[in-house]
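Heads up, model-v8.cif below (mmCIF, C-alpha atoms):
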```cif
data_query
loop_
_atom_site.group_PDB
_atom_site.id
_atom_site.type_symbol
_atom_site.label_atom_id
_atom_site.label_comp_id
_atom_site.auth_asym_id
_atom_site.auth_seq_id
_atom_site.Cartn_x
_atom_site.Cartn_y
_atom_site.Cartn_z
ATOM 1 C CA MET A 1 29.567 -4.085 12.069
ATOM 2 C CA GLU A 2 27.200 -1.093 11.601
ATOM 3 C CA PHE A 3 29.177 0.230 8.662
ATOM 4 C CA ARG A 4 29.553 -3.238 7.148
ATOM 5 C CA LEU A 5 25.780 -3.588 7.218
ATOM 6 C CA ILE A 6 25.380 -0.188 5.567
ATOM 7 C CA ASP A 7 27.906 -1.136 2.886
ATOM 8 C CA ARG A 8 26.039 -4.376 2.232
ATOM 9 C CA ILE A 9 22.731 -2.570 1.837
ATOM 10 C CA ARG A 10 24.373 -0.112 -0.553
ATOM 11 C CA GLU A 11 25.843 -2.932 -2.658
ATOM 12 C CA LEU A 12 22.535 -4.746 -2.999
ATOM 13 C CA THR A 13 20.340 -1.717 -3.643
ATOM 14 C CA ALA A 14 22.555 0.300 -5.985
ATOM 15 C CA GLN A 15 20.415 2.241 -8.471
ATOM 16 C CA PRO A 16 22.133 4.844 -10.685
ATOM 17 C CA ARG A 17 20.275 8.135 -11.029
ATOM 18 C CA ASP A 18 21.603 11.403 -12.413
ATOM 19 C CA ASP A 19 19.771 13.396 -9.739
ATOM 20 C CA VAL A 20 21.716 11.714 -6.904
ATOM 21 C CA ARG A 21 24.732 13.976 -6.509
ATOM 22 C CA LEU A 22 25.920 12.205 -3.352
ATOM 23 C CA GLY A 23 24.320 9.106 -1.891
ATOM 24 C CA ILE A 24 25.187 6.632 0.868
ATOM 25 C CA GLY A 25 28.578 7.186 2.498
ATOM 26 C CA ASP A 26 28.494 10.760 3.835
ATOM 27 C CA ASP A 27 26.592 12.380 6.696
ATOM 28 C CA ALA A 28 23.748 13.271 4.345
ATOM 29 C CA ALA A 29 22.710 12.811 0.747
ATOM 30 C CA VAL A 30 22.878 15.562 -1.858
ATOM 31 C CA LEU A 31 19.996 15.410 -4.334
ATOM 32 C CA ALA A 32 18.854 17.518 -7.272
ATOM 33 C CA VAL A 33 15.124 18.156 -7.653
ATOM 34 C CA PRO A 34 14.298 18.319 -11.381
ATOM 35 C CA ALA A 35 13.182 21.710 -12.635
ATOM 36 C CA GLY A 36 9.439 22.118 -12.940
ATOM 37 C CA GLN A 37 8.587 19.350 -10.456
ATOM 38 C CA GLU A 38 7.166 19.350 -6.936
ATOM 39 C CA LEU A 39 8.666 17.094 -4.268
ATOM 40 C CA VAL A 40 6.384 14.559 -2.550
ATOM 41 C CA MET A 41 7.594 12.826 0.646
ATOM 42 C CA ALA A 42 6.216 10.061 2.880
ATOM 43 C CA ILE A 43 7.484 7.923 5.762
ATOM 44 C CA ASP A 44 6.227 4.740 7.410
ATOM 45 C CA THR A 45 7.454 2.574 10.285
ATOM 46 C CA MET A 46 6.933 -1.178 10.663
ATOM 47 C CA VAL A 47 7.285 -2.738 14.132
ATOM 48 C CA GLU A 48 7.663 -6.450 14.805
ATOM 49 C CA GLY A 49 4.531 -7.876 16.386
ATOM 50 C CA THR A 50 2.426 -4.928 15.241
ATOM 51 C CA HIS A 51 2.956 -4.710 11.482
ATOM 52 C CA PHE A 52 4.566 -8.091 10.803
ATOM 53 C CA LEU A 53 4.813 -11.433 12.550
ATOM 54 C CA PRO A 54 8.070 -12.687 14.093
ATOM 55 C CA GLY A 55 9.812 -15.012 11.668
ATOM 56 C CA THR A 56 8.678 -13.173 8.529
ATOM 57 C CA ALA A 57 11.170 -13.792 5.718
ATOM 58 C CA PRO A 58 13.756 -10.963 5.492
ATOM 59 C CA ALA A 59 13.189 -10.517 1.736
ATOM 60 C CA ASP A 60 9.452 -10.124 2.305
ATOM 61 C CA LEU A 61 10.137 -7.481 4.956
ATOM 62 C CA GLY A 62 12.452 -5.587 2.607
ATOM 63 C CA TRP A 63 9.818 -5.619 -0.136
ATOM 64 C CA LYS A 64 6.938 -4.609 2.107
ATOM 65 C CA ALA A 65 8.833 -1.881 3.970
ATOM 66 C CA LEU A 66 9.296 -0.136 0.639
ATOM 67 C CA ALA A 67 5.907 -1.100 -0.806
ATOM 68 C CA VAL A 68 3.863 0.596 1.926
ATOM 69 C CA ASN A 69 5.725 3.836 1.239
ATOM 70 C CA LEU A 70 5.483 3.594 -2.532
ATOM 71 C CA SER A 71 1.747 3.126 -2.022
ATOM 72 C CA ASP A 72 1.631 6.552 -0.339
ATOM 73 C CA LEU A 73 3.391 8.078 -3.349
ATOM 74 C CA ALA A 74 0.948 6.269 -5.629
ATOM 75 C CA ALA A 75 -1.992 7.800 -3.768
ATOM 76 C CA MET A 76 -0.514 11.234 -4.479
ATOM 77 C CA GLY A 77 0.133 10.494 -8.151
ATOM 78 C CA ALA A 78 3.894 10.830 -7.640
ATOM 79 C CA THR A 79 6.773 9.180 -9.516
ATOM 80 C CA PRO A 80 9.234 7.544 -7.052
ATOM 81 C CA ALA A 81 12.834 8.732 -6.926
ATOM 82 C CA TRP A 82 14.718 8.244 -3.626
ATOM 83 C CA ALA A 83 14.453 6.468 -0.279
ATOM 84 C CA LEU A 84 16.021 6.598 3.171
ATOM 85 C CA LEU A 85 16.130 3.532 5.427
ATOM 86 C CA ALA A 86 16.423 3.288 9.215
ATOM 87 C CA LEU A 87 16.851 -0.295 10.382
ATOM 88 C CA THR A 88 16.810 -1.158 14.099
ATOM 89 C CA LEU A 89 17.879 -4.718 14.917
ATOM 90 C CA PRO A 90 18.177 -6.574 18.227
ATOM 91 C CA LYS A 91 21.620 -7.737 17.085
ATOM 92 C CA ALA A 92 23.928 -7.352 14.098
ATOM 93 C CA ASP A 93 22.736 -9.918 11.558
ATOM 94 C CA ALA A 94 24.442 -9.847 8.167
ATOM 95 C CA PRO A 95 22.379 -12.733 6.658
ATOM 96 C CA PHE A 96 19.179 -10.906 7.611
ATOM 97 C CA VAL A 97 20.449 -7.697 6.012
ATOM 98 C CA ASP A 98 21.331 -9.584 2.820
ATOM 99 C CA GLY A 99 17.795 -10.978 2.562
ATOM 100 C CA PHE A 100 16.172 -7.689 3.510
ATOM 101 C CA ALA A 101 18.207 -5.742 0.964
ATOM 102 C CA GLU A 102 17.407 -8.303 -1.733
ATOM 103 C CA GLY A 103 13.652 -7.871 -1.226
ATOM 104 C CA PHE A 104 13.999 -4.094 -1.025
ATOM 105 C CA ALA A 105 15.973 -4.018 -4.272
ATOM 106 C CA GLN A 106 13.515 -6.292 -6.094
ATOM 107 C CA LEU A 107 10.845 -3.609 -5.713
ATOM 108 C CA ALA A 108 13.122 -0.572 -5.967
ATOM 109 C CA GLN A 109 14.675 -1.512 -9.302
ATOM 110 C CA PRO A 110 11.577 -1.488 -11.547
ATOM 111 C CA HIS A 111 10.663 1.922 -10.104
ATOM 112 C CA ARG A 112 14.197 3.316 -10.585
ATOM 113 C CA LEU A 113 14.225 4.221 -6.905
ATOM 114 C CA ALA A 114 17.618 4.870 -5.327
ATOM 115 C CA LEU A 115 18.418 4.259 -1.659
ATOM 116 C CA VAL A 116 20.396 7.400 -0.813
ATOM 117 C CA GLY A 117 21.007 7.085 2.934
ATOM 118 C CA GLY A 118 19.837 5.835 6.275
ATOM 119 C CA ASP A 119 20.935 4.382 9.587
ATOM 120 C CA THR A 120 21.347 1.069 11.376
ATOM 121 C CA THR A 121 21.154 0.770 15.133
ATOM 122 C CA GLY A 122 20.612 -1.750 17.912
ATOM 123 C CA GLY A 123 17.266 -2.026 19.698
ATOM 124 C CA PRO A 124 13.735 -3.438 19.379
ATOM 125 C CA PHE A 125 13.158 -4.685 15.834
ATOM 126 C CA CYS A 126 11.596 -1.996 13.649
ATOM 127 C CA ILE A 127 12.000 -0.600 10.141
ATOM 128 C CA SER A 128 11.418 2.960 8.932
ATOM 129 C CA VAL A 129 11.534 4.005 5.287
ATOM 130 C CA ALA A 130 11.117 7.515 3.911
ATOM 131 C CA VAL A 131 10.448 7.955 0.199
ATOM 132 C CA HIS A 132 10.611 10.953 -2.107
ATOM 133 C CA GLY A 133 8.974 11.388 -5.478
ATOM 134 C CA PHE A 134 8.033 14.010 -8.044
ATOM 135 C CA VAL A 135 4.778 15.330 -9.429
ATOM 136 C CA PRO A 136 4.124 18.143 -11.924
ATOM 137 C CA PRO A 137 3.092 21.401 -10.229
ATOM 138 C CA GLY A 138 -0.501 21.392 -9.057
ATOM 139 C CA GLN A 139 -1.145 17.775 -10.131
ATOM 140 C CA ALA A 140 -0.701 15.945 -6.819
ATOM 141 C CA LEU A 141 -3.726 13.863 -5.869
ATOM 142 C CA THR A 142 -5.116 14.579 -2.406
ATOM 143 C CA ARG A 143 -7.873 13.381 -0.079
ATOM 144 C CA ALA A 144 -9.742 16.659 -0.465
ATOM 145 C CA GLY A 145 -11.667 17.441 -3.638
ATOM 146 C CA ALA A 146 -14.396 14.792 -3.803
ATOM 147 C CA GLN A 147 -17.755 16.290 -4.778
ATOM 148 C CA VAL A 148 -21.335 15.070 -4.412
ATOM 149 C CA GLY A 149 -22.123 12.959 -7.472
ATOM 150 C CA ASP A 150 -18.566 11.713 -7.993
ATOM 151 C CA GLU A 151 -18.091 7.989 -8.579
ATOM 152 C CA VAL A 152 -16.097 5.950 -6.018
ATOM 153 C CA LEU A 153 -13.692 3.343 -7.402
ATOM 154 C CA VAL A 154 -10.977 0.988 -6.181
ATOM 155 C CA THR A 155 -8.103 -0.786 -7.892
ATOM 156 C CA GLY A 156 -7.525 -4.521 -7.576
ATOM 157 C CA THR A 157 -9.312 -6.689 -5.034
ATOM 158 C CA LEU A 158 -9.989 -6.056 -1.361
ATOM 159 C CA GLY A 159 -9.683 -8.114 1.823
ATOM 160 C CA ASP A 160 -6.969 -10.519 0.693
ATOM 161 C CA ALA A 161 -4.224 -9.250 3.021
ATOM 162 C CA LEU A 162 -6.196 -9.667 6.255
ATOM 163 C CA ALA A 163 -7.294 -13.110 5.085
ATOM 164 C CA GLY A 164 -3.605 -13.823 4.449
ATOM 165 C CA LEU A 165 -2.826 -12.897 8.050
ATOM 166 C CA TYR A 166 -5.521 -15.297 9.223
ATOM 167 C CA ALA A 167 -3.984 -17.999 7.016
ATOM 168 C CA LEU A 168 -0.536 -17.459 8.533
ATOM 169 C CA ARG A 169 -1.940 -17.884 12.020
ATOM 170 C CA GLU A 170 -3.786 -21.112 11.206
ATOM 171 C CA PRO A 171 -2.322 -24.634 11.020
ATOM 172 C CA PRO A 172 -1.218 -25.718 7.517
ATOM 173 C CA GLN A 173 -3.838 -27.428 5.372
ATOM 174 C CA ASP A 174 -3.333 -30.925 3.978
ATOM 175 C CA ASP A 175 -5.654 -30.202 1.051
ATOM 176 C CA ALA A 176 -3.448 -29.001 -1.828
ATOM 177 C CA HIS A 177 -6.129 -26.796 -3.372
ATOM 178 C CA GLN A 178 -6.875 -25.092 -0.067
ATOM 179 C CA ALA A 179 -3.150 -24.620 0.550
ATOM 180 C CA THR A 180 -2.750 -22.926 -2.853
ATOM 181 C CA LEU A 181 -5.602 -20.533 -2.124
ATOM 182 C CA ARG A 182 -4.187 -19.696 1.296
ATOM 183 C CA GLN A 183 -0.735 -19.055 -0.182
ATOM 184 C CA SER A 184 -2.150 -16.625 -2.737
ATOM 185 C CA LEU A 185 -3.721 -14.614 0.110
ATOM 186 C CA ILE A 186 -0.507 -14.719 2.161
ATOM 187 C CA GLU A 187 1.416 -13.309 -0.798
ATOM 188 C CA ARG A 188 -1.019 -10.373 -0.959
ATOM 189 C CA LEU A 189 -0.044 -9.659 2.662
ATOM 190 C CA THR A 190 3.708 -10.137 2.386
ATOM 191 C CA ARG A 191 4.291 -8.807 -1.139
ATOM 192 C CA PRO A 192 1.748 -6.037 -1.835
ATOM 193 C CA GLU A 193 1.997 -4.317 -5.219
ATOM 194 C CA PRO A 194 1.966 -0.514 -4.852
ATOM 195 C CA ARG A 195 -0.231 1.033 -7.556
ATOM 196 C CA VAL A 196 2.276 3.615 -8.722
ATOM 197 C CA ALA A 197 1.312 3.464 -12.408
ATOM 198 C CA ALA A 198 -2.365 3.825 -11.501
ATOM 199 C CA GLY A 199 -1.720 6.899 -9.376
ATOM 200 C CA ILE A 200 0.210 8.565 -12.187
ATOM 201 C CA ALA A 201 -2.559 7.677 -14.659
ATOM 202 C CA LEU A 202 -5.141 9.361 -12.416
ATOM 203 C CA ARG A 203 -3.465 12.784 -12.476
ATOM 204 C CA GLY A 204 -5.950 15.331 -13.744
ATOM 205 C CA LEU A 205 -8.782 12.767 -13.645
ATOM 206 C CA ALA A 206 -9.385 11.784 -10.011
ATOM 207 C CA SER A 207 -10.919 14.386 -7.700
ATOM 208 C CA ALA A 208 -9.557 12.652 -4.568
ATOM 209 C CA CYS A 209 -7.434 9.603 -3.778
ATOM 210 C CA VAL A 210 -6.162 7.564 -0.821
ATOM 211 C CA ASP A 211 -4.358 4.264 -0.465
ATOM 212 C CA ILE A 212 -6.141 1.500 1.447
ATOM 213 C CA SER A 213 -3.821 0.702 4.331
ATOM 214 C CA ASP A 214 -6.268 0.697 7.265
ATOM 215 C CA GLY A 215 -9.324 -0.708 5.448
ATOM 216 C CA LEU A 216 -11.710 0.584 2.787
ATOM 217 C CA LEU A 217 -14.250 2.094 5.174
ATOM 218 C CA ALA A 218 -11.590 3.801 7.294
ATOM 219 C CA ASP A 219 -9.617 5.197 4.364
ATOM 220 C CA LEU A 220 -12.620 6.270 2.286
ATOM 221 C CA GLY A 221 -13.724 7.945 5.513
ATOM 222 C CA HIS A 222 -10.537 10.061 5.316
ATOM 223 C CA ILE A 223 -11.587 11.270 1.856
ATOM 224 C CA CYS A 224 -15.056 12.092 3.155
ATOM 225 C CA SER A 225 -13.666 13.983 6.133
ATOM 226 C CA ALA A 226 -11.160 15.972 4.055
ATOM 227 C CA SER A 227 -13.742 16.724 1.344
ATOM 228 C CA GLY A 228 -16.731 17.443 3.597
ATOM 229 C CA VAL A 229 -18.925 14.772 1.960
ATOM 230 C CA GLY A 230 -20.369 11.324 2.568
ATOM 231 C CA ALA A 231 -20.201 8.134 0.521
ATOM 232 C CA GLU A 232 -22.620 5.332 -0.287
ATOM 233 C CA LEU A 233 -21.199 1.964 -1.323
ATOM 234 C CA GLU A 234 -22.862 -0.983 -3.060
ATOM 235 C CA ALA A 235 -21.827 -4.166 -1.267
ATOM 236 C CA THR A 236 -22.351 -6.367 -4.311
ATOM 237 C CA GLN A 237 -19.830 -4.305 -6.322
ATOM 238 C CA LEU A 238 -16.851 -4.762 -3.983
ATOM 239 C CA PRO A 239 -14.112 -6.614 -5.913
ATOM 240 C CA ARG A 240 -13.031 -9.792 -4.128
ATOM 241 C CA SER A 241 -10.642 -12.462 -5.316
ATOM 242 C CA PRO A 242 -11.857 -16.012 -6.030
ATOM 243 C CA ALA A 243 -9.539 -17.255 -3.249
ATOM 244 C CA LEU A 244 -11.125 -14.938 -0.702
ATOM 245 C CA ARG A 245 -14.656 -15.887 -1.701
ATOM 246 C CA GLU A 246 -13.957 -19.615 -1.683
ATOM 247 C CA LEU A 247 -12.147 -19.704 1.650
ATOM 248 C CA HIS A 248 -14.326 -17.238 3.563
ATOM 249 C CA GLY A 249 -17.715 -17.318 1.871
ATOM 250 C CA GLU A 250 -19.852 -14.438 0.663
ATOM 251 C CA ASP A 251 -20.692 -12.748 3.952
ATOM 252 C CA GLU A 252 -17.289 -12.941 5.655
ATOM 253 C CA SER A 253 -15.400 -12.026 2.471
ATOM 254 C CA LEU A 254 -17.564 -8.925 2.230
ATOM 255 C CA GLN A 255 -16.690 -7.897 5.784
ATOM 256 C CA LEU A 256 -12.997 -8.485 5.057
ATOM 257 C CA ALA A 257 -13.212 -6.386 1.887
ATOM 258 C CA LEU A 258 -14.851 -3.506 3.760
ATOM 259 C CA SER A 259 -12.585 -3.420 6.797
ATOM 260 C CA GLY A 260 -9.412 -5.414 6.135
ATOM 261 C CA GLY A 261 -6.206 -3.379 6.130
ATOM 262 C CA ASP A 262 -2.847 -3.859 4.400
ATOM 263 C CA ASN A 263 -4.450 -3.914 0.923
ATOM 264 C CA TYR A 264 -2.445 -1.003 -0.535
ATOM 265 C CA GLU A 265 -4.926 -0.619 -3.350
ATOM 266 C CA LEU A 266 -6.129 2.861 -4.299
ATOM 267 C CA CYS A 267 -9.577 4.211 -3.497
ATOM 268 C CA PHE A 268 -10.432 7.294 -5.515
ATOM 269 C CA THR A 269 -13.266 9.472 -6.718
ATOM 270 C CA VAL A 270 -13.930 10.639 -10.266
ATOM 271 C CA PRO A 271 -16.517 13.093 -11.651
ATOM 272 C CA PRO A 272 -18.979 11.197 -13.897
ATOM 273 C CA GLN A 273 -17.865 13.076 -17.014
ATOM 274 C CA ARG A 274 -14.282 11.843 -16.510
ATOM 275 C CA LEU A 275 -15.120 8.230 -15.649
ATOM 276 C CA ALA A 276 -14.598 6.770 -19.121
ATOM 277 C CA ASN A 277 -11.255 8.564 -19.492
ATOM 278 C CA ALA A 278 -10.122 7.401 -16.055
ATOM 279 C CA LEU A 279 -11.000 3.773 -16.766
ATOM 280 C CA ALA A 280 -9.218 3.922 -20.113
ATOM 281 C CA ALA A 281 -6.111 5.470 -18.534
ATOM 282 C CA LEU A 282 -6.026 2.801 -15.828
ATOM 283 C CA ALA A 283 -6.475 0.000 -18.346
ATOM 284 C CA GLU A 284 -3.559 1.381 -20.360
ATOM 285 C CA ALA A 285 -1.501 1.459 -17.141
ATOM 286 C CA GLY A 286 -2.322 -2.219 -16.588
ATOM 287 C CA CYS A 287 -4.428 -1.610 -13.483
ATOM 288 C CA PRO A 288 -8.188 -1.789 -14.078
ATOM 289 C CA ALA A 289 -10.538 -0.486 -11.390
ATOM 290 C CA THR A 290 -14.057 -1.190 -10.163
ATOM 291 C CA ARG A 291 -16.812 1.297 -9.462
ATOM 292 C CA ILE A 292 -18.165 0.580 -5.949
ATOM 293 C CA GLY A 293 -20.367 3.580 -5.111
ATOM 294 C CA ARG A 294 -20.762 7.329 -5.206
ATOM 295 C CA ILE A 295 -20.194 10.451 -3.180
ATOM 296 C CA VAL A 296 -23.305 11.820 -1.459
ATOM 297 C CA GLU A 297 -24.212 14.589 0.911
ATOM 298 C CA GLY A 298 -23.370 13.987 4.568
ATOM 299 C CA HIS A 299 -20.192 13.007 6.355
ATOM 300 C CA ASP A 300 -20.128 9.221 6.839
ATOM 301 C CA VAL A 301 -19.664 6.103 4.707
ATOM 302 C CA ARG A 302 -22.764 3.934 4.268
ATOM 303 C CA VAL A 303 -22.969 0.472 2.697
ATOM 304 C CA ARG A 304 -26.054 -0.850 0.914
ATOM 305 C CA ALA A 305 -26.816 -4.567 0.611
ATOM 306 C CA ALA A 306 -28.174 -6.131 -2.579
ATOM 307 C CA ASP A 307 -31.753 -5.398 -1.501
ATOM 308 C CA GLY A 308 -30.951 -1.742 -0.841
ATOM 309 C CA ARG A 309 -31.062 -1.982 2.927
ATOM 310 C CA PRO A 310 -28.165 -0.662 5.066
ATOM 311 C CA LEU A 311 -25.522 -3.324 5.665
ATOM 312 C CA THR A 312 -24.231 -3.863 9.199
ATOM 313 C CA VAL A 313 -20.434 -3.849 9.312
ATOM 314 C CA THR A 314 -19.138 -6.181 12.012
ATOM 315 C CA MET A 315 -15.403 -5.516 11.621
ATOM 316 C CA LYS A 316 -13.447 -2.341 12.303
ATOM 317 C CA GLY A 317 -10.540 -1.022 10.271
ATOM 318 C CA TRP A 318 -7.029 -0.809 11.698
ATOM 319 C CA GLU A 319 -6.364 1.721 14.476
ATOM 320 C CA HIS A 320 -2.870 2.132 15.925
ATOM 321 C CA PHE A 321 -3.986 3.369 19.327
ATOM 322 C CA ALA A 322 -7.369 1.645 19.725
#
```

Output the file's structure as structure tokens, nothing else.
Amino acid sequence: MEFRLIDRIRELTAQPRDDVRLGIGDDAAVLAVPAGQELVMAIDTMVEGTHFLPGTAPADLGWKALAVNLSDLAAMGATPAWALLALTLPKADAPFVDGFAEGFAQLAQPHRLALVGGDTTGGPFCISVAVHGFVPPGQALTRAGAQVGDEVLVTGTLGDALAGLYALREPPQDDAHQATLRQSLIERLTRPEPRVAAGIALRGLASACVDISDGLLADLGHICSASGVGAELEATQLPRSPALRELHGEDESLQLALSGGDNYELCFTVPPQRLANALAALAEAGCPATRIGRIVEGHDVRVRAADGRPLTVTMKGWEHFA
């Protein structure tokens, strides 16, 4: 059964690439790194009950398991190439694997990402994906490099994924309009869009970058820590979707935008003299961004309300071992 599952995954995720010399089927893959490129690697694990709810659709799990890793490549400005998959299941389940592989392939195909190996085993339900990508020498984006005076920006909208989790845990709504809004937030949780094109567009323009997986405040805090700086955010500038604002109101939507995880948007810093070029490059890549603050002296992240006073943050970002 293990090898039948592997064969099924291979069938559904086939992606021809000239740099894959030997893919699924042997003890290890043989891959060719293109000349003049640096290799970027990332790995993430998703555990049932911690990172996704029991009963989540297999196709959504396949999509998201890859998306959270592609988001890490995006934050580094890397172009995706290959992936490895380790799938641990309580029991052999071919229909689940079919659905999972379908969702995985739906996201892999537009990025020309090839699944080149992996493993299936029995045990508590969890999914690990490792991804590999390329970046020109010296052009990888990192968390270090932000300087005092840099602008702080984010792609997309914030807070939708955590609101989607709340929606999943609540009883269904009879009101059709409310149900539509809730579904749009749930889709931001189950089918996040990794900002790969945005990360590539920011090469040579952003001074620092991170993907927002644990919450804006937590992840911008990683940039501040790595760069030895602080940040000051303007609460009124945080981009929030109409669905989030309507369902949660101004104050709660703001807290969700600041601290909600699972967004997989990019938070990055740009020197003022490069801001116009960065915004133009992102617009061309189809991923506009919003300026939300600036880098300042210090070491922490502060948020200012509309009247200029410090804003109290009532929610914490995600912590695995809190």

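With only C-alpha atoms as the atoms that count, the minimum distance from Asp72 (chain A) to the choices A:Ile292, A:Leu115, A:Leu141, A:Ala29 is reached by A:Leu141.
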
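Comparing the minimum interatomic distances between Thr190 (chain A) and each of A:Val40, A:Val68, A:Val116, A:Val33, counting all atoms listed in the file, we find that A:Val68 sits nearest.
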
Inset, instruction - For Arg17 (chain A), list every protein, DNA or RNA residue within 9 Å, evaluated using all atoms listed in the file, and leave out those in the same chain fewer than 4 positions away; present the list as a list in words. - result: Arg21, Ala81, Arg112, Leu113 and Ala114 of chain A

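For the pair CA of Pro54 (chain A) and CA of Asp214 (chain A), the separation is 20.8 Å.
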
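Note that CA of Gly308 (chain A) and CA of Gly221 (chain A) are 20.8 Å apart.
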
Inset, instruction - Using the chain letters and numbering of this document, enumerate as a VMD selection string the residues selected by the PyMOL selection byres ((chain A and resi 118) around 12). - result: chain A and resid 2 to 3 5 to 7 9 to 10 23 to 29 82 to 88 114 to 117 119 to 121 127 to 131

Please identify all polymer residues within 7 Å of region 177-182 of chain A, counting only C-alpha atoms, omitting same-chain residues fewer than 4 positions from it, and present them as a CSV table (one decimal) with C-alpha atoms, in the frame of the given file.
```csv
chain,number,residue,atom,x,y,z
A,164,GLY,CA,-3.6,-13.8,4.4
A,167,ALA,CA,-4.0,-18.0,7.0
A,173,GLN,CA,-3.8,-27.4,5.4
A,186,ILE,CA,-0.5,-14.7,2.2
A,243,ALA,CA,-9.5,-17.3,-3.2
```

Determine, counting all atoms listed in the file, which protein, DNA and RNA residues have an atom within 10 Å of an atom of Leu275 (chain A); residues of the same chain fewer than 6 positions away are not included. Present the result as a PDB file with C-alpha atoms, in the coordinates of the input.
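That gives us result-v7.pdb:
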```
ATOM      1  CA  ASP A 150     -18.566  11.713  -7.993  1.00  0.00           C
ATOM      2  CA  GLU A 151     -18.091   7.989  -8.579  1.00  0.00           C
ATOM      3  CA  VAL A 152     -16.097   5.950  -6.018  1.00  0.00           C
ATOM      4  CA  LEU A 153     -13.692   3.343  -7.402  1.00  0.00           C
ATOM      5  CA  LEU A 205      -8.782  12.767 -13.645  1.00  0.00           C
ATOM      6  CA  ALA A 206      -9.385  11.784 -10.011  1.00  0.00           C
ATOM      7  CA  THR A 269     -13.266   9.472  -6.718  1.00  0.00           C
ATOM      8  CA  ALA A 281      -6.111   5.470 -18.534  1.00  0.00           C
ATOM      9  CA  ARG A 291     -16.812   1.297  -9.462  1.00  0.00           C
TER      10      ARG A 291
END
```

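You will find CA of Gly199 (chain A) at 5.7 Å from CA of Ala75 (chain A).
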